[in-house]
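Here's my_file-v1.txt, which has compact mmCIF, C-alpha atoms and all ligand atoms:
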# COMPACT_ATOMS: atom_id res chain seq x y z
CA MET A 1 39.05 29.23 -36.69
CA ASN A 2 36.55 26.49 -36.94
CA LYS A 3 34.94 25.50 -33.75
CA LYS A 4 35.60 21.83 -33.27
CA LYS A 5 32.37 19.89 -33.16
CA GLN A 6 31.84 18.37 -29.74
CA PRO A 7 30.21 14.96 -29.36
CA PRO A 8 26.77 15.33 -27.80
CA LYS A 9 26.70 15.04 -24.06
CA LEU A 10 24.52 12.18 -22.88
CA ASN A 11 22.86 11.84 -19.56
CA ARG A 12 22.90 8.51 -17.80
CA ARG A 13 19.67 7.22 -19.26
CA GLN A 14 20.44 8.36 -22.83
CA PHE A 15 23.77 6.60 -22.60
CA LEU A 16 22.11 3.41 -21.44
CA ARG A 17 19.49 3.61 -24.13
CA LEU A 18 22.25 3.62 -26.75
CA GLY A 19 24.09 0.84 -25.01
CA LEU A 20 21.30 -1.45 -23.92
CA GLY A 21 17.90 -0.22 -24.93
CA GLY A 22 18.25 -0.42 -28.72
CA GLY A 23 17.54 -4.12 -28.70
CA GLY A 24 15.01 -3.70 -25.93
CA ALA A 25 17.06 -6.14 -23.94
CA LEU A 26 18.00 -5.76 -20.35
CA VAL A 27 21.07 -7.63 -19.31
CA LEU A 28 20.14 -9.96 -16.50
CA THR A 29 22.81 -12.29 -15.35
CA ALA A 30 21.51 -14.15 -12.33
CA ALA A 31 19.74 -17.38 -13.27
CA SER A 32 17.61 -17.12 -10.13
CA VAL A 33 16.23 -13.79 -11.26
CA LEU A 34 15.13 -15.30 -14.56
CA ALA A 35 13.63 -18.30 -12.83
CA ARG A 36 11.60 -16.07 -10.53
CA ALA A 37 10.40 -13.95 -13.45
CA ASP A 38 9.26 -17.16 -15.19
CA LYS A 39 7.40 -18.24 -12.07
CA LEU A 40 5.64 -14.87 -11.85
CA ARG A 41 4.69 -15.10 -15.54
CA GLU A 42 3.24 -18.52 -14.87
CA LEU A 43 1.21 -17.12 -11.96
CA ALA A 44 0.10 -14.19 -14.10
CA ALA A 45 -1.25 -16.54 -16.75
CA THR A 46 -3.62 -18.07 -14.20
CA SER A 47 -4.41 -14.98 -12.12
CA THR A 48 -7.04 -13.55 -14.47
CA ALA A 49 -9.27 -16.52 -13.81
CA SER A 50 -8.98 -15.65 -10.12
CA GLN A 51 -8.02 -19.22 -9.39
CA VAL A 52 -5.58 -20.09 -6.65
CA ALA A 53 -2.35 -20.89 -8.44
CA ALA A 54 0.38 -23.18 -7.19
CA PRO A 55 2.41 -21.55 -4.42
CA VAL A 56 5.78 -20.17 -5.41
CA ALA A 57 8.95 -21.55 -3.91
CA PRO A 58 9.53 -20.30 -0.35
CA GLU A 59 10.74 -16.72 -0.28
CA PRO A 60 11.26 -14.31 2.58
CA ALA A 61 7.66 -13.69 3.63
CA ALA A 62 6.17 -10.39 2.54
CA SER A 63 4.77 -8.46 5.51
CA THR A 64 1.30 -7.09 5.96
CA VAL A 65 1.85 -5.25 9.26
CA VAL A 66 4.94 -4.05 11.11
CA GLN A 67 4.50 -3.26 14.82
CA GLY A 68 6.89 -2.16 17.54
CA THR A 69 9.41 0.61 18.01
CA ASN A 70 12.42 -0.87 16.20
CA ILE A 71 11.50 -1.06 12.52
CA ARG A 72 13.61 -1.65 9.44
CA LEU A 73 12.43 -1.07 5.90
CA ALA A 74 14.49 -2.00 2.87
CA ALA A 75 14.02 -0.18 -0.46
CA THR A 76 14.38 -2.15 -3.69
CA ASP A 77 12.55 -3.24 -6.85
CA GLY A 78 10.52 -6.26 -7.97
CA HIS A 79 7.36 -7.32 -9.79
CA ILE A 80 3.64 -7.65 -9.06
CA LEU A 81 0.71 -9.25 -10.89
CA LEU A 82 -2.34 -7.46 -12.26
CA PRO A 83 -5.48 -9.17 -13.59
CA GLY A 84 -5.66 -9.24 -17.39
CA ARG A 85 -1.93 -8.73 -17.83
CA THR A 86 0.44 -11.60 -18.50
CA ARG A 87 3.61 -9.56 -18.05
CA PRO A 88 4.55 -9.02 -14.38
CA LEU A 89 4.60 -5.31 -13.59
CA TYR A 90 7.93 -3.77 -12.63
CA THR A 91 7.73 -1.88 -9.32
CA PHE A 92 9.78 -0.19 -6.59
CA GLY A 93 8.90 -0.20 -2.91
CA PHE A 94 9.73 -1.11 0.67
CA VAL A 95 9.87 -4.47 2.48
CA GLU A 96 10.25 -5.24 6.15
CA ALA A 97 13.71 -6.50 7.15
CA ASP A 98 15.39 -7.71 10.33
CA PRO A 99 16.67 -4.63 12.22
CA ASN A 100 19.74 -6.56 13.38
CA ALA A 101 20.81 -8.09 10.06
CA SER A 102 23.85 -6.79 8.17
CA ILE A 103 23.27 -4.76 5.00
CA ARG A 104 24.88 -7.60 3.06
CA ASP A 105 22.37 -10.12 4.45
CA VAL A 106 19.39 -7.85 3.80
CA ILE A 107 20.53 -7.36 0.20
CA ALA A 108 20.90 -11.13 -0.22
CA ALA A 109 17.42 -11.75 1.18
CA TYR A 110 15.31 -8.99 -0.39
CA LYS A 111 16.97 -7.29 -3.35
CA GLY A 112 14.59 -7.53 -6.34
CA LYS A 113 11.78 -8.95 -4.16
CA VAL A 114 9.79 -5.89 -3.23
CA GLN A 115 6.12 -5.96 -2.29
CA MET A 116 3.24 -3.63 -3.14
CA CYS A 117 1.86 -1.81 -1.31
CA SER A 118 4.54 -1.37 1.33
CA PRO A 119 3.92 -2.81 4.82
CA ILE A 120 1.35 -1.23 7.14
CA LEU A 121 3.18 0.48 10.02
CA ASP A 122 1.22 0.20 13.28
CA VAL A 123 2.61 2.42 16.07
CA ASN A 124 1.43 3.89 19.37
CA GLU A 125 1.06 7.46 20.55
CA GLY A 126 3.96 8.42 22.78
CA ASP A 127 6.29 5.66 21.61
CA GLU A 128 9.84 6.41 20.50
CA VAL A 129 9.93 4.82 17.07
CA TYR A 130 13.26 4.05 15.43
CA LEU A 131 12.93 3.28 11.71
CA THR A 132 16.03 2.29 9.78
CA LEU A 133 15.86 2.63 6.01
CA THR A 134 18.28 0.48 4.02
CA ASN A 135 18.73 1.03 0.29
CA LEU A 136 19.35 -2.32 -1.40
CA GLY A 137 19.68 -0.96 -4.93
CA PHE A 138 17.72 -2.28 -7.91
CA GLN A 139 18.06 -5.89 -9.07
CA PHE A 140 16.54 -5.25 -12.49
CA ARG A 141 18.07 -1.82 -13.16
CA PRO A 142 21.58 -2.23 -11.77
CA ASP A 143 22.63 0.82 -13.78
CA LEU A 144 20.48 3.10 -11.58
CA ASP A 145 21.89 4.34 -8.30
CA ASP A 146 18.78 6.15 -7.06
CA SER A 147 18.69 7.13 -3.41
CA HIS A 148 15.55 6.74 -1.30
CA THR A 149 13.94 8.33 1.75
CA ILE A 150 11.02 7.83 4.11
CA HIS A 151 8.62 10.77 4.26
CA TRP A 152 5.92 10.29 6.90
CA HIS A 153 3.25 12.36 5.18
CA GLY A 154 1.30 14.59 7.56
CA PHE A 155 3.56 13.93 10.55
CA ARG A 156 4.01 17.06 12.68
CA ASN A 157 7.78 16.79 12.45
CA PRO A 158 9.90 19.40 14.21
CA VAL A 159 13.15 18.08 12.71
CA ALA A 160 13.71 18.39 8.96
CA ILE A 161 16.43 15.75 8.96
CA PHE A 162 13.84 13.03 9.69
CA ASP A 163 11.27 14.40 7.25
CA GLY A 164 12.63 12.56 4.22
CA VAL A 165 12.58 15.49 1.79
CA PRO A 166 15.99 15.00 0.18
CA GLU A 167 16.53 18.63 -0.80
CA VAL A 168 16.37 19.78 2.82
CA SER A 169 17.63 16.72 4.63
CA ILE A 170 19.20 13.40 3.71
CA ALA A 171 18.61 10.72 1.11
CA VAL A 172 19.95 7.20 1.54
CA PRO A 173 22.36 5.98 -1.16
CA VAL A 174 22.69 2.36 -2.29
CA ALA A 175 24.04 -0.05 0.35
CA ARG A 176 23.60 2.43 3.21
CA ASN A 177 21.39 2.63 6.30
CA PHE A 178 19.78 5.74 7.72
CA PRO A 179 18.05 5.75 11.13
CA TYR A 180 14.87 7.84 11.31
CA PHE A 181 13.38 8.77 14.66
CA PHE A 182 9.71 9.57 15.26
CA HIS A 183 7.82 10.46 18.41
CA PRO A 184 4.17 10.22 17.33
CA GLU A 185 1.87 12.42 19.41
CA HIS A 186 -1.19 12.65 17.17
CA PRO A 187 -3.31 9.51 16.63
CA GLY A 188 -4.93 8.75 13.30
CA THR A 189 -4.18 7.48 9.81
CA TYR A 190 -1.25 8.73 7.75
CA MET A 191 0.81 7.48 4.83
CA TYR A 192 4.52 7.24 4.09
CA HIS A 193 6.40 7.34 0.83
CA CYS A 194 9.79 7.85 -0.70
CA HIS A 195 10.44 11.51 -1.49
CA PHE A 196 13.41 10.99 -3.85
CA GLU A 197 12.38 11.66 -7.49
CA ASP A 198 9.00 11.31 -5.91
CA VAL A 199 6.70 11.47 -8.95
CA GLU A 200 8.45 8.39 -10.29
CA HIS A 201 9.20 6.56 -7.04
CA VAL A 202 5.67 6.99 -5.60
CA GLN A 203 4.02 5.81 -8.83
CA MET A 204 6.43 2.89 -8.94
CA GLY A 205 5.08 1.75 -5.57
CA MET A 206 7.14 3.32 -2.77
CA ASN A 207 4.18 4.02 -0.49
CA GLY A 208 2.25 2.55 2.41
CA ILE A 209 -0.05 3.36 5.32
CA VAL A 210 1.18 4.28 8.80
CA PHE A 211 -1.21 4.86 11.65
CA VAL A 212 -0.93 5.89 15.29
CA ARG A 213 -3.02 4.24 18.01
CA PRO A 214 -4.29 6.61 20.75
CA LEU A 215 -3.29 6.46 24.42
CA GLN A 216 -7.00 6.02 25.16
CA ASN A 217 -6.58 2.35 24.14
CA ASN A 218 -5.07 1.82 27.60
CA GLY A 219 -8.31 3.03 29.20
CA THR A 220 -9.13 6.26 31.03
CA GLY A 221 -11.09 7.10 34.18
CA SER A 222 -14.40 6.70 32.39
CA LEU A 223 -13.50 4.43 29.45
CA PRO A 224 -12.34 0.81 29.55
CA PRO A 225 -9.24 -0.29 27.64
CA GLY A 226 -10.10 -1.14 24.05
CA LYS A 227 -9.70 -0.25 20.39
CA TYR A 228 -10.32 3.41 19.64
CA CYS A 229 -9.32 5.42 16.60
CA TYR A 230 -8.77 8.68 18.53
CA ASN A 231 -8.62 10.07 22.07
CA ASP A 232 -12.30 10.94 21.73
CA GLY A 233 -13.08 11.01 25.48
CA ASP A 234 -16.49 9.42 24.93
CA GLY A 235 -15.85 6.11 23.14
CA SER A 236 -17.40 7.37 19.90
CA THR A 237 -14.48 6.04 17.81
CA ALA A 238 -14.49 2.52 19.32
CA TYR A 239 -14.35 -0.36 16.85
CA ASP A 240 -13.98 -4.15 16.64
CA ARG A 241 -12.00 -4.66 13.42
CA GLU A 242 -9.85 -2.47 11.20
CA VAL A 243 -8.85 -2.55 7.56
CA THR A 244 -6.38 -0.16 5.93
CA LEU A 245 -7.10 0.76 2.32
CA MET A 246 -4.23 2.31 0.34
CA LEU A 247 -5.61 3.79 -2.89
CA ASN A 248 -3.44 4.20 -5.99
CA GLU A 249 -3.77 4.21 -9.73
CA ILE A 250 -1.22 2.71 -12.08
CA ASP A 251 -0.19 3.75 -15.56
CA THR A 252 1.61 0.59 -16.69
CA ARG A 253 3.63 2.39 -19.40
CA PRO A 254 6.26 4.05 -17.18
CA HIS A 255 6.68 0.74 -15.31
CA ASP A 256 7.33 -1.15 -18.56
CA LEU A 257 9.52 1.60 -19.98
CA LEU A 258 11.67 1.78 -16.85
CA GLU A 259 12.27 -1.95 -17.08
CA GLU A 260 13.26 -1.49 -20.73
CA VAL A 261 15.67 1.36 -19.88
CA GLN A 262 13.47 3.96 -21.56
CA ASP A 263 12.18 7.35 -20.41
CA PHE A 264 8.57 8.35 -19.79
CA VAL A 265 7.14 11.84 -20.04
CA TRP A 266 5.22 12.15 -16.78
CA SER A 267 2.81 14.74 -18.12
CA ASP A 268 1.46 11.88 -20.30
CA TYR A 269 0.30 10.06 -17.15
CA LYS A 270 -2.94 8.21 -17.92
CA PRO A 271 -3.67 5.33 -15.56
CA ASN A 272 -5.14 2.04 -16.79
CA TYR A 273 -5.31 0.19 -13.45
CA TRP A 274 -6.86 1.31 -10.15
CA ILE A 275 -5.71 -0.57 -7.08
CA ILE A 276 -6.30 -0.97 -3.35
CA ASN A 277 -3.37 -2.19 -1.23
CA GLY A 278 -1.44 -3.03 -4.42
CA ARG A 279 -4.13 -5.28 -5.91
CA ALA A 280 -6.95 -4.84 -8.45
CA TYR A 281 -10.35 -6.54 -8.09
CA PRO A 282 -10.98 -9.48 -7.95
CA ASP A 283 -7.54 -9.96 -6.38
CA THR A 284 -8.47 -7.37 -3.71
CA VAL A 285 -10.72 -9.91 -1.97
CA LYS A 286 -8.19 -12.72 -1.88
CA PRO A 287 -6.87 -13.30 1.66
CA SER A 288 -3.81 -11.58 3.06
CA ASN A 289 -0.61 -13.51 2.21
CA ASP A 290 -2.37 -15.40 -0.59
CA PRO A 291 0.22 -17.65 -2.31
CA SER A 292 -0.97 -16.67 -5.78
CA LEU A 293 0.13 -13.05 -5.08
CA PRO A 294 3.53 -13.54 -3.43
CA TYR A 295 4.50 -9.85 -3.59
CA GLN A 296 1.04 -8.36 -2.88
CA PRO A 297 0.39 -9.62 0.65
CA ILE A 298 -2.24 -7.14 1.86
CA SER A 299 -5.91 -8.02 1.35
CA SER A 300 -8.70 -5.44 1.13
CA LEU A 301 -11.43 -7.94 2.01
CA ILE A 302 -13.64 -6.56 4.81
CA GLN A 303 -15.15 -9.38 6.90
CA ALA A 304 -17.63 -8.68 9.72
CA ASN A 305 -19.96 -10.37 12.14
CA PRO A 306 -23.37 -8.64 12.34
CA GLY A 307 -23.36 -5.69 14.75
CA GLU A 308 -19.59 -5.22 14.77
CA LYS A 309 -18.02 -1.82 14.24
CA ILE A 310 -15.46 -1.77 11.43
CA LEU A 311 -12.83 0.95 11.09
CA LEU A 312 -11.66 1.69 7.54
CA ARG A 313 -8.41 3.64 7.33
CA PHE A 314 -8.28 5.17 3.84
CA ALA A 315 -5.24 6.86 2.33
CA ASN A 316 -4.70 8.02 -1.24
CA LEU A 317 -1.23 8.23 -2.79
CA GLY A 318 -2.38 8.11 -6.37
CA TYR A 319 -2.48 11.28 -8.47
CA GLU A 320 -6.27 11.34 -8.87
CA GLN A 321 -9.06 12.15 -6.44
CA HIS A 322 -11.12 9.07 -5.64
CA ALA A 323 -14.78 8.72 -4.64
CA MET A 324 -15.23 5.49 -2.68
CA GLN A 325 -18.82 4.40 -2.38
CA LEU A 326 -20.35 1.82 -0.05
CA THR A 327 -23.97 1.24 -0.89
CA GLY A 328 -26.33 -0.27 1.65
CA ILE A 329 -24.37 0.59 4.82
CA PRO A 330 -23.95 4.20 6.06
CA MET A 331 -20.33 5.20 6.72
CA LYS A 332 -19.51 7.54 9.61
CA VAL A 333 -16.46 9.70 8.89
CA VAL A 334 -14.73 10.39 12.22
CA GLY A 335 -11.33 11.66 11.09
CA HIS A 336 -9.71 13.61 8.25
CA ASP A 337 -5.94 13.58 7.77
CA ALA A 338 -5.18 12.18 11.24
CA THR A 339 -7.44 14.71 12.95
CA LEU A 340 -10.56 13.87 14.96
CA LEU A 341 -13.57 15.68 13.52
CA ARG A 342 -14.28 18.00 16.43
CA SER A 343 -14.51 21.75 16.46
CA PRO A 344 -12.27 23.71 18.86
CA ASP A 345 -15.22 24.00 21.29
CA GLY A 346 -15.63 20.22 21.26
CA SER A 347 -18.72 19.90 19.11
CA ASP A 348 -19.02 16.80 16.95
CA LEU A 349 -18.17 17.35 13.26
CA SER A 350 -18.33 13.69 12.22
CA TYR A 351 -20.77 12.93 9.40
CA TYR A 352 -22.54 10.07 7.66
CA THR A 353 -22.12 9.45 3.95
CA ASN A 354 -22.19 6.71 1.34
CA THR A 355 -19.25 8.22 -0.60
CA ILE A 356 -15.79 9.14 0.67
CA TYR A 357 -14.11 11.85 -1.42
CA ILE A 358 -10.37 11.62 -0.95
CA GLY A 359 -7.68 13.59 -2.76
CA PRO A 360 -4.02 12.66 -3.29
CA GLY A 361 -2.14 12.78 0.02
CA GLU A 362 -5.34 12.70 2.08
CA ALA A 363 -6.57 10.20 4.68
CA ARG A 364 -10.01 9.37 6.14
CA ASP A 365 -11.02 7.38 9.19
CA VAL A 366 -14.42 5.81 8.68
CA ILE A 367 -16.48 3.56 10.98
CA PHE A 368 -19.51 1.55 9.94
CA GLU A 369 -21.69 -0.87 11.85
CA ALA A 370 -22.24 -4.21 10.14
CA PRO A 371 -25.98 -4.74 9.67
CA ALA A 372 -27.90 -7.86 10.62
CA PHE A 373 -27.60 -10.79 8.21
CA ASP A 374 -30.46 -10.69 5.71
CA PRO A 375 -31.21 -14.14 4.23
CA THR A 376 -33.32 -12.57 1.48
CA ALA A 377 -30.50 -10.31 0.23
CA GLU A 378 -27.84 -11.35 -2.23
CA THR A 379 -25.57 -13.85 -0.52
CA GLY A 380 -22.35 -15.69 -1.18
CA THR A 381 -20.57 -18.50 0.59
CA ASP A 382 -16.91 -18.87 1.48
CA SER A 383 -15.05 -21.17 3.88
CA ILE A 384 -16.23 -19.07 6.87
CA GLY A 385 -19.91 -19.32 6.01
CA THR A 386 -22.77 -17.62 4.21
CA TYR A 387 -22.59 -13.87 3.91
CA ASN A 388 -24.31 -10.78 2.54
CA VAL A 389 -22.01 -8.90 0.22
CA TYR A 390 -21.76 -5.12 -0.10
CA LEU A 391 -19.44 -3.60 -2.69
CA LEU A 392 -17.04 -0.85 -1.66
CA LYS A 393 -16.05 0.67 -4.97
CA ASN A 394 -14.73 3.70 -6.75
CA ARG A 395 -17.80 5.50 -8.08
CA ASN A 396 -16.02 6.34 -11.34
CA TYR A 397 -16.73 3.41 -13.63
CA PHE A 398 -13.42 3.86 -15.45
CA ALA A 399 -11.81 2.88 -12.14
CA GLN A 400 -13.92 -0.31 -12.02
CA THR A 401 -12.06 -1.98 -14.88
CA ASN A 402 -8.69 -3.61 -15.39
CA ASP A 403 -7.09 -1.95 -18.42
CA GLY A 404 -10.52 -1.50 -20.03
CA LEU A 405 -11.23 -5.23 -20.15
CA PRO A 406 -14.80 -6.49 -19.75
CA GLY A 407 -16.07 -7.35 -16.28
CA LEU A 408 -15.72 -5.76 -12.87
CA GLY A 409 -12.17 -4.88 -11.83
CA GLY A 410 -10.09 -2.07 -10.46
CA MET A 411 -10.66 -0.16 -7.23
CA VAL A 412 -13.37 -2.45 -5.87
CA THR A 413 -13.57 -4.65 -2.80
CA GLU A 414 -16.23 -6.45 -0.78
CA VAL A 415 -17.74 -6.15 2.67
CA ARG A 416 -18.92 -9.60 3.77
CA VAL A 417 -21.35 -9.74 6.70
CA TYR A 418 -21.74 -13.35 7.85
CA ASN A 419 -24.70 -15.33 9.06
CA GLY A 420 -24.24 -15.89 12.80
CA SER A 421 -20.95 -14.68 14.25
CA PRO A 422 -18.37 -17.11 12.88
CA LEU A 423 -15.38 -14.73 12.82
CA PRO A 424 -12.87 -14.84 15.68
CA PRO A 425 -11.45 -11.52 16.93
CA GLN A 426 -8.93 -9.81 14.68
CA THR A 427 -5.36 -9.78 16.02
CA LYS A 428 -3.93 -7.27 13.53
CA PRO A 429 -5.18 -4.94 10.80
CA ASN A 430 -6.23 -6.50 7.47
CA GLU A 431 -6.19 -9.94 9.02
CA THR A 432 -8.48 -12.14 6.92
CA PHE A 433 -10.08 -15.42 7.89
CA THR A 434 -10.47 -18.41 5.58
CU CU B 1 12.78 6.08 -3.70

Hey, can you dump this file as structure tokens for me?
Ligand SMILES: [Cu+2]
Amino acid sequence: MNKKKQPPKLNRRQFLRLGLGGGGALVLTAASVLARADKLRELAATSTASQVAAPVAPEPAASTVVQGTNIRLAATDGHILLPGRTRPLYTFGFVEADPNASIRDVIAAYKGKVQMCSPILDVNEGDEVYLTLTNLGFQFRPDLDDSHTIHWHGFRNPVAIFDGVPEVSIAVPVARNFPYFFHPEHPGTYMYHCHFEDVEHVQMGMNGIVFVRPLQNNGTGSLPPGKYCYNDGDGSTAYDREVTLMLNEIDTRPHDLLEEVQDFVWSDYKPNYWIINGRAYPDTVKPSNDPSLPYQPISSLIQANPGEKILLRFANLGYEQHAMQLTGIPMKVVGHDATLLRSPDGSDLSYYTNTIYIGPGEARDVIFEAPAFDPTAETGTDSIGTYNVYLLKNRNYFAQTNDGLPGLGGMVTEVRVYNGSPLPPQTKPNETFT
């Protein structure tokens, strides 16, 4: 008896490739989606010149920082701009949403409008933090029904259900909420990311920085209230300003292929962009909430008055180790992976360096003191005043380019130390002044 030949079984993506991908066309129905893509393309055409482009039509504002104990993040897709690239880059990620809005309203407001990197979460030691994750689905890949999670990387979590690893807890399907609960007890800098199909979802942009402020900020018997990175007991981690720096690399091929309903072999990963807070230099030094980068709201520009102490909160959720070098100003490393650098007997293990080595999934807390303004050194001028500029850059020169194009790009930002003390106090992390 002849065995009847069975038609080949197709998985979801193979099926879609036959149905949609052959022509390379993705079926997009909503006119507003096309209009927004056109607007982003227009912005992209001007972004390489680092000029301020015309602002886009009002959208729900992308968030730099989320504070408080009642947080809502919505997971969806969208597009960002990279210097030297006219096509907006397809991404996934998280945006801040109103904790009290209905799922329907959050979908209407944010679906297809994700930001990169995801918002900075700013919480306090001892708080009871409720974080609702809402999965909005994908605007540009409506065929995909991927779930999402929040994994607070490095959190000492006694309860697996809130750890965001889908295999041992819960993942959030499309059009559903899930309430996470965290009781942070260990100050320092962490990161969070989606843990569902995590190689893909993290590379696509589902990551951000979360940090915990110490109880010492309220003051102790011997220390006044203030800004401290840790419960150091001696004020050694006090600072005036803070900037979070989320390090990632991007291979643009899987982003483009996903948008075209094609597969990518992840072992072929070979990045061509290196980014800080979702932007590549020179975009890194544009202000926070710059209108030319509507979905990349978080600046990496480090502004300082002479003599101020600046806290840099580094985290790396790329797949490469990075070596971040600041020449001309010594950096004091006070924390690794949300742990104060002290030995069990209390001795000081902090160290000075000009290069921070940071592997995937690692965090560093670094404090430097802004030097006096030197009128003879290289200076620049912006709307705040005249400044000395120090480059904070990835030491690997491959990571100092945008897709191999000429000129400085990539994982590079600037420290600007101003003449006089023109900067007002910072009210939140990564706040920039123009
Ligand atoms: Cu996800």

Report as a tab-separated table: every residue of chain A with an atom at most 10 Å from ligand CU 1 (chain B), its closest pair of atoms, and their distance in Å to one decimal, counting all atoms listed in the file, with rows sorted by chain and ascending residue number.
residue	atom	partner	partner_atom	distance
A:Ala75	CA	B:CU1	CU	7.2
A:Thr76	CA	B:CU1	CU	8.4
A:Asp77	CA	B:CU1	CU	9.8
A:Phe92	CA	B:CU1	CU	7.5
A:Gly93	CA	B:CU1	CU	7.4
A:Phe94	CA	B:CU1	CU	8.9
A:Asn135	CA	B:CU1	CU	8.8
A:Gly137	CA	B:CU1	CU	9.9
A:Asp146	CA	B:CU1	CU	6.9
A:Ser147	CA	B:CU1	CU	6.0
A:His148	CA	B:CU1	CU	3.7
A:Thr149	CA	B:CU1	CU	6.0
A:Ile150	CA	B:CU1	CU	8.2
A:Ala171	CA	B:CU1	CU	8.9
A:Val172	CA	B:CU1	CU	9.0
A:Pro173	CA	B:CU1	CU	9.9
A:His193	CA	B:CU1	CU	7.9
A:Cys194	CA	B:CU1	CU	4.6
A:His195	CA	B:CU1	CU	6.3
A:Phe196	CA	B:CU1	CU	5.0
A:Glu197	CA	B:CU1	CU	6.8
A:Asp198	CA	B:CU1	CU	6.8
A:Val199	CA	B:CU1	CU	9.7
A:Glu200	CA	B:CU1	CU	8.2
A:His201	CA	B:CU1	CU	4.9
A:Val202	CA	B:CU1	CU	7.4
A:Met204	CA	B:CU1	CU	8.8
A:Gly205	CA	B:CU1	CU	9.0
A:Met206	CA	B:CU1	CU	6.3
A:Asn207	CA	B:CU1	CU	9.4

Output C-alpha atoms for every residue in the selection just made, as a tab-separated table (two decimals), in the frame of the given file.
chain	number	residue	atom	x	y	z
A	75	ALA	CA	14.02	-0.18	-0.46
A	76	THR	CA	14.38	-2.15	-3.69
A	77	ASP	CA	12.55	-3.24	-6.85
A	92	PHE	CA	9.78	-0.19	-6.59
A	93	GLY	CA	8.90	-0.20	-2.91
A	94	PHE	CA	9.73	-1.11	0.67
A	135	ASN	CA	18.73	1.03	0.29
A	137	GLY	CA	19.68	-0.96	-4.93
A	146	ASP	CA	18.78	6.15	-7.06
A	147	SER	CA	18.69	7.13	-3.41
A	148	HIS	CA	15.55	6.74	-1.30
A	149	THR	CA	13.94	8.33	1.75
A	150	ILE	CA	11.02	7.83	4.11
A	171	ALA	CA	18.61	10.72	1.11
A	172	VAL	CA	19.95	7.20	1.54
A	173	PRO	CA	22.36	5.98	-1.16
A	193	HIS	CA	6.40	7.34	0.83
A	194	CYS	CA	9.79	7.85	-0.70
A	195	HIS	CA	10.44	11.51	-1.49
A	196	PHE	CA	13.41	10.99	-3.85
A	197	GLU	CA	12.38	11.66	-7.49
A	198	ASP	CA	9.00	11.31	-5.91
A	199	VAL	CA	6.70	11.47	-8.95
A	200	GLU	CA	8.45	8.39	-10.29
A	201	HIS	CA	9.20	6.56	-7.04
A	202	VAL	CA	5.67	6.99	-5.60
A	204	MET	CA	6.43	2.89	-8.94
A	205	GLY	CA	5.08	1.75	-5.57
A	206	MET	CA	7.14	3.32	-2.77
A	207	ASN	CA	4.18	4.02	-0.49

Can you build me a table of region 298-379 of chain A residues sitting at most 10 Å from region 396-400 of chain A, with the closest atom pair per residue and its distance in Å to one decimal, using only C-alpha atoms, sorted by chain and residue number, as JSON lines?
{"residue": "A:His322", "atom": "CA", "partner": "A:Asn396", "partner_atom": "CA", "distance": 8.0}
{"residue": "A:Ala323", "atom": "CA", "partner": "A:Asn396", "partner_atom": "CA", "distance": 7.2}
{"residue": "A:Met324", "atom": "CA", "partner": "A:Asn396", "partner_atom": "CA", "distance": 8.7}
{"residue": "A:Gln325", "atom": "CA", "partner": "A:Asn396", "partner_atom": "CA", "distance": 9.6}

Coordinates-based distance that separates CA of His183 (chain A) from CA of Ser288 (chain A) (Å, one decimal): 29.3 Å

Non-local contacts of region 236-251 of chain A (7 Å; all atoms listed in the file; under 6 positions in same chain excluded) as a PyMOL selection string: chain A and resi 203+208-209+227-230+269-277+300+302+308-318+426+429-430

Point-to-point distance in Å for CA of Trp152 (chain A) and CA of Ser299 (chain A):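 Spanning CA of Ser299 (chain A) to CA of Trp152 (chain A) is a straight-line distance of 22.5 Å.
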
Point-to-point distance from CA of Val412 (chain A) to CA of Asp283 (chain A), Å rounded to tenths: 9.5 Å

Test item: residues at most 12 Å from Ala101 (chain A), all atoms listed in the file, excluding those fewer than 4 positions along its chain, as number ranges by chain: A: 71-74, 96-97, 105-110, 132, 134, 177

Protein/DNA/RNA residues near (-3.2, 9.3, 5.4), cut 9 Å, all atoms listed in the file, as a ChimeraX atom specification: /A:153-154,188-192,209-211,246,313-317,336-338,361-365

May I have the residues from that selection written out with C-alpha atoms, as a JSON list (two decimals), in the frame of the given file?
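This is the output file result_39.json:
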[["chain", "number", "residue", "atom", "x", "y", "z"],
["A", 153, "HIS", "CA", 3.25, 12.36, 5.18],
["A", 154, "GLY", "CA", 1.30, 14.59, 7.56],
["A", 188, "GLY", "CA", -4.93, 8.75, 13.30],
["A", 189, "THR", "CA", -4.18, 7.48, 9.81],
["A", 190, "TYR", "CA", -1.25, 8.73, 7.75],
["A", 191, "MET", "CA", 0.81, 7.48, 4.83],
["A", 192, "TYR", "CA", 4.52, 7.24, 4.09],
["A", 209, "ILE", "CA", -0.05, 3.36, 5.32],
["A", 210, "VAL", "CA", 1.18, 4.28, 8.80],
["A", 211, "PHE", "CA", -1.21, 4.86, 11.65],
["A", 246, "MET", "CA", -4.23, 2.31, 0.34],
["A", 313, "ARG", "CA", -8.41, 3.64, 7.33],
["A", 314, "PHE", "CA", -8.28, 5.17, 3.84],
["A", 315, "ALA", "CA", -5.24, 6.86, 2.33],
["A", 316, "ASN", "CA", -4.70, 8.02, -1.24],
["A", 317, "LEU", "CA", -1.23, 8.23, -2.79],
["A", 336, "HIS", "CA", -9.71, 13.61, 8.25],
["A", 337, "ASP", "CA", -5.94, 13.58, 7.77],
["A", 338, "ALA", "CA", -5.18, 12.18, 11.24],
["A", 361, "GLY", "CA", -2.14, 12.78, 0.02],
["A", 362, "GLU", "CA", -5.34, 12.70, 2.08],
["A", 363, "ALA", "CA", -6.57, 10.20, 4.68],
["A", 364, "ARG", "CA", -10.01, 9.37, 6.14],
["A", 365, "ASP", "CA", -11.02, 7.38, 9.19]]
